[in-house]
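Input: a single structure, listed below in structure tokens.
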Protein chains: 2
Amino acid sequence: MNEQTAEIVRRLKDHGINPTAQRIEIAQVLLARFTHMSADEVFQIVNKTEPRVSKATVYNTLGLFADKGLVREVIVDPSKIFYDSNVGPHHHLYNVTTGELRDIDQQHMQVVGLPPLPPGTTVEGMEVVVRVRDERGSPSS
Amino acid sequence: MNEQTAEIVRRLKDHGINPTAQRIEIAQVLLARFTHMSADEVFQIVNKTEPRVSKATVYNTLGLFADKGLVREVIVDPSKIFYDSNVGPHHHLYNVTTGELRDIDQQHMQVVGLPPLPPGTTVEGMEVVVRVRDERGSPSS
DNA sequence: CTTAATGCAAAGGCTTTGCAGAGAC
DNA sequence: GTCTCTGCAAAGCCTTTGCATTAAG
């Protein structure tokens, strides 16, 4: 077990997640880089180089990671959930044409003010999504 | 045709939508109040009091309305799309426990700053979602 | 040996699609 | 008569679930 894997295991344990082989693989795919991936993308990548992890395990594991706070679910597309390895406060820019999702950090954009919360509720999270699309017709046409 | 219906028809036409009977019914359900409804909710309500509109027509019509800018799609829940009759600039508060979605108007919360856009893209929309949950365990327990 | 995790396949929920029939002008 | 819209049912896609098998301590 190399250094990188050791850290992944540590992070899993820190979040109360039993570090099994499949979970370590999935975590390595998702946590190695600061990207956003759908469950299916994770499934593809994990099974490209490594032994084999079933689709059910990928979905269940990602759900577990999200519950435990290791990754963040990002809801920007009605057809799939994105998993974000960046758990810190930041926002998102979503290209509806290409499906690409990228981070916007706080220094570029901030939310000011807090709305009155309904009684008996607590804030679970806050999310800003800027939706962009590729320009089709040129601006001058 | 009463006054209210006449206005609905006008709004449909203004958005380039051919005002058929079904479309008028759906528009009345959705535009009468400032609410957010899923396609299925619209389907239920339309068929509670009125002749009958098929599920396919409800889905297709809502998609058409969104395309034409008559309503706004709100993506906050991976399992369904909400349609918002409020097209003006505002944000959303989503209760993940109850599934309730409500508006936050701009005076309560604003976004400051604009992120650098990827070249060749234009902003299609911006959305802030505050996610709350009902308190279960009491804060002092 | 006992408990937890994985894999497979089936089921589920929301939405879209194909195509025939009905409606509008 | 022609063009558009509607409705039904089937298909599609992502995700969850049930249950037997396998792995771990």
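Residues in the structure tokens are named by chain (A, B, ... in the order shown) and by number from 1 within that chain; ligands are numbered from 1 in the order shown.
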Show me, as an mmCIF file with C-alpha atoms, in the first residue's frame, the residues that have an atom within 9 Å of Val9 of chain A when counting only C-alpha atoms (C1' of nucleotides), minus same-chain residues fewer than 5 positions from it.
```cif
data_model
loop_
_atom_site.group_PDB
_atom_site.id
_atom_site.type_symbol
_atom_site.label_atom_id
_atom_site.label_comp_id
_atom_site.auth_asym_id
_atom_site.auth_seq_id
_atom_site.Cartn_x
_atom_site.Cartn_y
_atom_site.Cartn_z
ATOM 1 C CA GLN A 4 -1.436 7.890 -1.515
ATOM 2 C CA ASP A 14 -11.939 9.746 9.572
ATOM 3 C CA ILE A 17 -16.263 4.586 6.578
ATOM 4 C CA ASN A 18 -14.942 1.060 6.684
ATOM 5 C CA PRO A 19 -12.171 1.033 4.066
ATOM 6 C CA THR A 20 -12.863 -1.962 1.879
ATOM 7 C CA ILE A 24 -10.716 2.607 -1.637
ATOM 8 C CA ALA A 27 -12.356 7.018 -3.365
#
```
Would you mind listing, for every residue of chain C within 12 Å of segment 30-50 of chain B, the two atoms forming the shortest contact and the distance between them in Å to one decimal, using only C-alpha atoms (C1' of nucleotides), sorted by chain and ascending residue number, as CSV?
```
residue,atom,partner,partner_atom,distance
C:DG13,C1',B:Asp40,CA,11.2
C:DC14,C1',B:Asp40,CA,9.0
C:DT15,C1',B:Ala39,CA,9.5
```
Expected file: the selected residues, N, CA and C atoms (P, O5', C5', C4', C3', O3' and C1' of nucleotides), as a PDB file, in the first residue's frame:
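The resulting file, selection01.pdb, is reproduced below:
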```pdb
ATOM      1  P    DG C  13     -42.261   3.358  -7.567  1.00  0.00           P
ATOM      2  O5'  DG C  13     -41.576   4.642  -8.219  1.00  0.00           O
ATOM      3  C5'  DG C  13     -40.478   5.256  -7.561  1.00  0.00           C
ATOM      4  C4'  DG C  13     -40.061   6.492  -8.339  1.00  0.00           C
ATOM      5  C3'  DG C  13     -41.226   7.288  -8.908  1.00  0.00           C
ATOM      6  O3'  DG C  13     -40.961   8.669  -8.787  1.00  0.00           O
ATOM      7  C1'  DG C  13     -39.845   6.533 -10.669  1.00  0.00           C
ATOM      8  P    DC C  14     -42.044   9.695  -9.314  1.00  0.00           P
ATOM      9  O5'  DC C  14     -41.285  10.294 -10.588  1.00  0.00           O
ATOM     10  C5'  DC C  14     -40.025  10.926 -10.398  1.00  0.00           C
ATOM     11  C4'  DC C  14     -39.430  11.268 -11.742  1.00  0.00           C
ATOM     12  C3'  DC C  14     -40.284  12.196 -12.609  1.00  0.00           C
ATOM     13  O3'  DC C  14     -39.451  13.233 -13.102  1.00  0.00           O
ATOM     14  C1'  DC C  14     -39.689  10.250 -13.823  1.00  0.00           C
ATOM     15  P    DT C  15     -40.084  14.423 -13.955  1.00  0.00           P
ATOM     16  O5'  DT C  15     -39.839  13.892 -15.436  1.00  0.00           O
ATOM     17  C5'  DT C  15     -38.503  13.634 -15.833  1.00  0.00           C
ATOM     18  C4'  DT C  15     -38.461  13.093 -17.240  1.00  0.00           C
ATOM     19  C3'  DT C  15     -39.233  13.905 -18.286  1.00  0.00           C
ATOM     20  O3'  DT C  15     -38.283  14.366 -19.243  1.00  0.00           O
ATOM     21  C1'  DT C  15     -39.628  11.580 -18.531  1.00  0.00           C
TER      22       DT C  15
END
```
For this session: as a PyMOL selection string, list the residues of segment 61-103 of chain B assigned to strand (DSSP E or B) by DSSP on the backbone atoms of this structure.
Result: chain B and resi 72-77+80-84+91-95+101-103
Under the rule of at most 9 Å, produce a per-residue listing of chain D near chain A: chain, number, name, the closest pair of atoms, and the distance in Å, as a Markdown table, using only C-alpha atoms (C1' of nucleotides).
```
| residue | atom | partner | partner_atom | distance |
| --- | --- | --- | --- | --- |
| D:DC13 | C1' | A:Ser79 | CA | 7.6 |
| D:DC14 | C1' | A:Lys80 | CA | 6.4 |
| D:DT15 | C1' | A:Tyr59 | CA | 7.5 |
| D:DT16 | C1' | A:Ala56 | CA | 8.5 |
```
For this session: Might you pull out every residue within 7 Å of Val130 of chain A, with only C-alpha atoms (C1' of nucleotides) counted and same-chain residues fewer than 3 positions away left off, and present them as number ranges by chain?
Result: A: 92-94; B: 125-127
Can you spit out the residues from that selection as an mmCIF file, in the first residue's frame, using C-alpha atoms?
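And here's result.cif as it stands now:
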```
data_model
loop_
_atom_site.group_PDB
_atom_site.id
_atom_site.type_symbol
_atom_site.label_atom_id
_atom_site.label_comp_id
_atom_site.auth_asym_id
_atom_site.auth_seq_id
_atom_site.Cartn_x
_atom_site.Cartn_y
_atom_site.Cartn_z
ATOM 1 C CA HIS A 92 -20.710 25.838 -9.629
ATOM 2 C CA LEU A 93 -20.768 26.706 -13.243
ATOM 3 C CA TYR A 94 -22.624 24.286 -15.454
ATOM 4 C CA GLY B 125 -29.388 31.578 -15.900
ATOM 5 C CA MET B 126 -28.248 31.793 -12.344
ATOM 6 C CA GLU B 127 -29.758 30.062 -9.419
#
```
Could you name the residues that touch Val111 of chain A at 9 Å or less, counting only C-alpha atoms (C1' of nucleotides), but leaving out those on the same chain fewer than 5 positions away, as a PDB file with all heavy atoms, in the first residue's frame?
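Output contents, as saved in part_5.pdb:
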```pdb
ATOM      1  N   GLN A 106     -15.014  31.082  -3.970  1.00  0.00           N
ATOM      2  CA  GLN A 106     -15.733  32.166  -3.292  1.00  0.00           C
ATOM      3  C   GLN A 106     -15.221  33.554  -3.609  1.00  0.00           C
ATOM      4  O   GLN A 106     -15.954  34.520  -3.486  1.00  0.00           O
ATOM      5  CB  GLN A 106     -15.657  31.947  -1.782  1.00  0.00           C
ATOM      6  CG  GLN A 106     -16.557  30.855  -1.317  1.00  0.00           C
ATOM      7  CD  GLN A 106     -16.729  30.914   0.186  1.00  0.00           C
ATOM      8  OE1 GLN A 106     -17.830  30.977   0.698  1.00  0.00           O
ATOM      9  NE2 GLN A 106     -15.626  30.898   0.902  1.00  0.00           N
ATOM     10  N   VAL A 128     -24.864  27.782  -5.349  1.00  0.00           N
ATOM     11  CA  VAL A 128     -25.114  28.706  -6.451  1.00  0.00           C
ATOM     12  C   VAL A 128     -24.709  28.022  -7.745  1.00  0.00           C
ATOM     13  O   VAL A 128     -23.619  27.461  -7.835  1.00  0.00           O
ATOM     14  CB  VAL A 128     -24.303  30.009  -6.312  1.00  0.00           C
ATOM     15  CG1 VAL A 128     -24.606  30.938  -7.476  1.00  0.00           C
ATOM     16  CG2 VAL A 128     -24.615  30.685  -4.991  1.00  0.00           C
TER      17      VAL A 128
ATOM     18  N   MET B 109     -31.585  38.095  -0.351  1.00  0.00           N
ATOM     19  CA  MET B 109     -30.330  37.441  -0.663  1.00  0.00           C
ATOM     20  C   MET B 109     -29.887  37.819  -2.071  1.00  0.00           C
ATOM     21  O   MET B 109     -30.685  37.800  -2.998  1.00  0.00           O
ATOM     22  CB  MET B 109     -30.508  35.912  -0.564  1.00  0.00           C
ATOM     23  CG  MET B 109     -29.222  35.160  -0.609  1.00  0.00           C
ATOM     24  SD  MET B 109     -29.411  33.430  -0.113  1.00  0.00           S
ATOM     25  CE  MET B 109     -30.646  32.885  -1.251  1.00  0.00           C
ATOM     26  N   GLN B 110     -28.630  38.137  -2.200  1.00  0.00           N
ATOM     27  CA  GLN B 110     -28.118  38.512  -3.504  1.00  0.00           C
ATOM     28  C   GLN B 110     -26.784  37.838  -3.777  1.00  0.00           C
ATOM     29  O   GLN B 110     -26.059  37.494  -2.857  1.00  0.00           O
ATOM     30  CB  GLN B 110     -27.906  40.028  -3.585  1.00  0.00           C
ATOM     31  CG  GLN B 110     -29.186  40.825  -3.516  1.00  0.00           C
ATOM     32  CD  GLN B 110     -28.899  42.307  -3.629  1.00  0.00           C
ATOM     33  OE1 GLN B 110     -27.932  42.703  -4.267  1.00  0.00           O
ATOM     34  NE2 GLN B 110     -29.741  43.110  -3.016  1.00  0.00           N
ATOM     35  N   VAL B 111     -26.499  37.731  -5.046  1.00  0.00           N
ATOM     36  CA  VAL B 111     -25.213  37.182  -5.437  1.00  0.00           C
ATOM     37  C   VAL B 111     -24.328  38.328  -5.877  1.00  0.00           C
ATOM     38  O   VAL B 111     -24.743  39.166  -6.668  1.00  0.00           O
ATOM     39  CB  VAL B 111     -25.372  36.177  -6.594  1.00  0.00           C
ATOM     40  CG1 VAL B 111     -24.014  35.699  -7.047  1.00  0.00           C
ATOM     41  CG2 VAL B 111     -26.226  35.005  -6.144  1.00  0.00           C
ATOM     42  N   VAL B 112     -23.132  38.370  -5.330  1.00  0.00           N
ATOM     43  CA  VAL B 112     -22.190  39.430  -5.654  1.00  0.00           C
ATOM     44  C   VAL B 112     -21.040  38.848  -6.451  1.00  0.00           C
ATOM     45  O   VAL B 112     -20.468  37.832  -6.072  1.00  0.00           O
ATOM     46  CB  VAL B 112     -21.637  40.076  -4.370  1.00  0.00           C
ATOM     47  CG1 VAL B 112     -20.570  41.103  -4.714  1.00  0.00           C
ATOM     48  CG2 VAL B 112     -22.768  40.710  -3.575  1.00  0.00           C
ATOM     49  N   GLY B 113     -20.733  39.492  -7.550  1.00  0.00           N
ATOM     50  CA  GLY B 113     -19.605  39.043  -8.349  1.00  0.00           C
ATOM     51  C   GLY B 113     -20.064  38.115  -9.450  1.00  0.00           C
ATOM     52  O   GLY B 113     -21.112  37.484  -9.366  1.00  0.00           O
ATOM     53  N   VAL B 128     -29.721  30.298  -7.038  1.00  0.00           N
ATOM     54  CA  VAL B 128     -29.226  30.009  -5.697  1.00  0.00           C
ATOM     55  C   VAL B 128     -30.239  29.118  -5.000  1.00  0.00           C
ATOM     56  O   VAL B 128     -31.429  29.394  -5.006  1.00  0.00           O
ATOM     57  CB  VAL B 128     -29.041  31.287  -4.857  1.00  0.00           C
ATOM     58  CG1 VAL B 128     -28.513  30.934  -3.474  1.00  0.00           C
ATOM     59  CG2 VAL B 128     -28.113  32.256  -5.554  1.00  0.00           C
TER      60      VAL B 128
END
```
Exercise. What lies within 12 Å of DC1 of chain C using only C-alpha atoms (C1' of nucleotides), ignoring chain neighbours under 2 positions off, as number ranges by chain?
Worked result: C: 3; D: 24-25
Problem set entry | Neighbour list for DG7 of chain C as a list in words, cut-off 10 Å, only C-alpha atoms (C1' of nucleotides), skip fewer than 2 positions in-chain | Val53, Ser54, Lys55, Ala56 and Thr57 of chain A; DA5 and DA9 of chain C; DA20, DT21 and DT22 of chain D
For this session: as number ranges by chain, please: all residues of chain A that backbone DSSP puts in helix (DSSP H, G or I).
Result: A: 3-14, 21-31, 39-49, 55-68
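If you measure from each of B:Ala66, B:Ile26, B:Val87, B:Val58 to chain C using only C-alpha atoms (C1' of nucleotides), the closest one turns out to be B:Val58.
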For this session: Give the answer as one residue: which of C:DT6, C:DA11, C:DA22, C:DT16 has the shortest atom-to-atom distance to chain B, using only C-alpha atoms (C1' of nucleotides)?
Result: C:DT16
Problem set entry | Long-range neighbours of Glu124 of chain B as a ChimeraX atom specification, 10 Å cut-off, only C-alpha atoms (C1' of nucleotides), 3 positions minimum in chain | /A:94-96,130-134 /B:121
Just the selected residues (all heavy atoms), exported as a short mmCIF file (atom, residue, chain, number, x, y, z; two decimals), in the first residue's frame, please.
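Result file result_11.cif:
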```
data_model
loop_
_atom_site.label_atom_id
_atom_site.label_comp_id
_atom_site.auth_asym_id
_atom_site.auth_seq_id
_atom_site.Cartn_x
_atom_site.Cartn_y
_atom_site.Cartn_z
N TYR A 94 -22.21 25.47 -14.70
CA TYR A 94 -22.62 24.29 -15.45
C TYR A 94 -22.90 24.66 -16.90
O TYR A 94 -23.70 25.54 -17.20
CB TYR A 94 -23.89 23.69 -14.84
CG TYR A 94 -24.33 22.39 -15.48
CD1 TYR A 94 -23.46 21.31 -15.56
CD2 TYR A 94 -25.61 22.25 -16.01
CE1 TYR A 94 -23.86 20.12 -16.14
CE2 TYR A 94 -26.02 21.06 -16.59
CZ TYR A 94 -25.13 20.00 -16.64
OH TYR A 94 -25.54 18.82 -17.22
N ASN A 95 -22.21 23.99 -17.80
CA ASN A 95 -22.43 24.21 -19.22
C ASN A 95 -23.49 23.23 -19.70
O ASN A 95 -23.23 22.03 -19.82
CB ASN A 95 -21.10 24.01 -19.97
CG ASN A 95 -21.23 24.36 -21.44
OD1 ASN A 95 -22.25 24.10 -22.07
ND2 ASN A 95 -20.19 24.95 -21.99
N VAL A 96 -24.66 23.76 -19.99
CA VAL A 96 -25.77 22.88 -20.36
C VAL A 96 -25.57 22.25 -21.73
O VAL A 96 -26.18 21.23 -22.05
CB VAL A 96 -27.12 23.63 -20.33
CG1 VAL A 96 -27.43 24.14 -18.94
CG2 VAL A 96 -27.15 24.77 -21.33
N VAL A 130 -24.39 28.72 -11.80
CA VAL A 130 -24.47 29.59 -12.98
C VAL A 130 -24.55 28.67 -14.19
O VAL A 130 -23.68 27.83 -14.40
CB VAL A 130 -23.23 30.50 -13.10
CG1 VAL A 130 -23.31 31.33 -14.37
CG2 VAL A 130 -23.11 31.39 -11.88
N ARG A 131 -25.63 28.83 -14.92
CA ARG A 131 -25.83 27.97 -16.07
C ARG A 131 -25.41 28.73 -17.33
O ARG A 131 -25.88 29.83 -17.57
CB ARG A 131 -27.33 27.64 -16.18
CG ARG A 131 -27.68 26.19 -16.13
CD ARG A 131 -29.17 26.03 -15.96
NE ARG A 131 -29.50 25.90 -14.56
CZ ARG A 131 -29.44 24.75 -13.91
NH1 ARG A 131 -29.12 23.63 -14.53
NH2 ARG A 131 -29.71 24.71 -12.62
N VAL A 132 -24.52 28.13 -18.10
CA VAL A 132 -24.11 28.78 -19.35
C VAL A 132 -24.37 27.83 -20.51
O VAL A 132 -24.57 26.63 -20.31
CB VAL A 132 -22.61 29.16 -19.35
CG1 VAL A 132 -22.30 30.09 -18.20
CG2 VAL A 132 -21.73 27.92 -19.29
N ARG A 133 -24.42 28.39 -21.69
CA ARG A 133 -24.54 27.54 -22.88
C ARG A 133 -23.57 28.04 -23.92
O ARG A 133 -23.22 29.20 -23.96
CB ARG A 133 -25.96 27.54 -23.42
CG ARG A 133 -26.41 28.80 -24.10
CD ARG A 133 -27.65 28.56 -24.96
NE ARG A 133 -28.78 28.04 -24.23
CZ ARG A 133 -29.25 26.78 -24.38
NH1 ARG A 133 -28.67 25.95 -25.23
NH2 ARG A 133 -30.30 26.41 -23.69
N ASP A 134 -23.12 27.13 -24.78
CA ASP A 134 -22.24 27.51 -25.87
C ASP A 134 -23.01 28.40 -26.84
O ASP A 134 -24.19 28.15 -27.11
CB ASP A 134 -21.74 26.26 -26.61
CG ASP A 134 -20.66 25.52 -25.81
OD1 ASP A 134 -20.24 26.05 -24.78
OD2 ASP A 134 -20.28 24.42 -26.23
N THR B 121 -19.11 31.08 -24.29
CA THR B 121 -20.36 30.72 -23.62
C THR B 121 -21.10 31.97 -23.16
O THR B 121 -20.49 33.01 -22.95
CB THR B 121 -20.11 29.83 -22.38
OG1 THR B 121 -19.38 30.56 -21.39
CG2 THR B 121 -19.33 28.59 -22.75
#
```
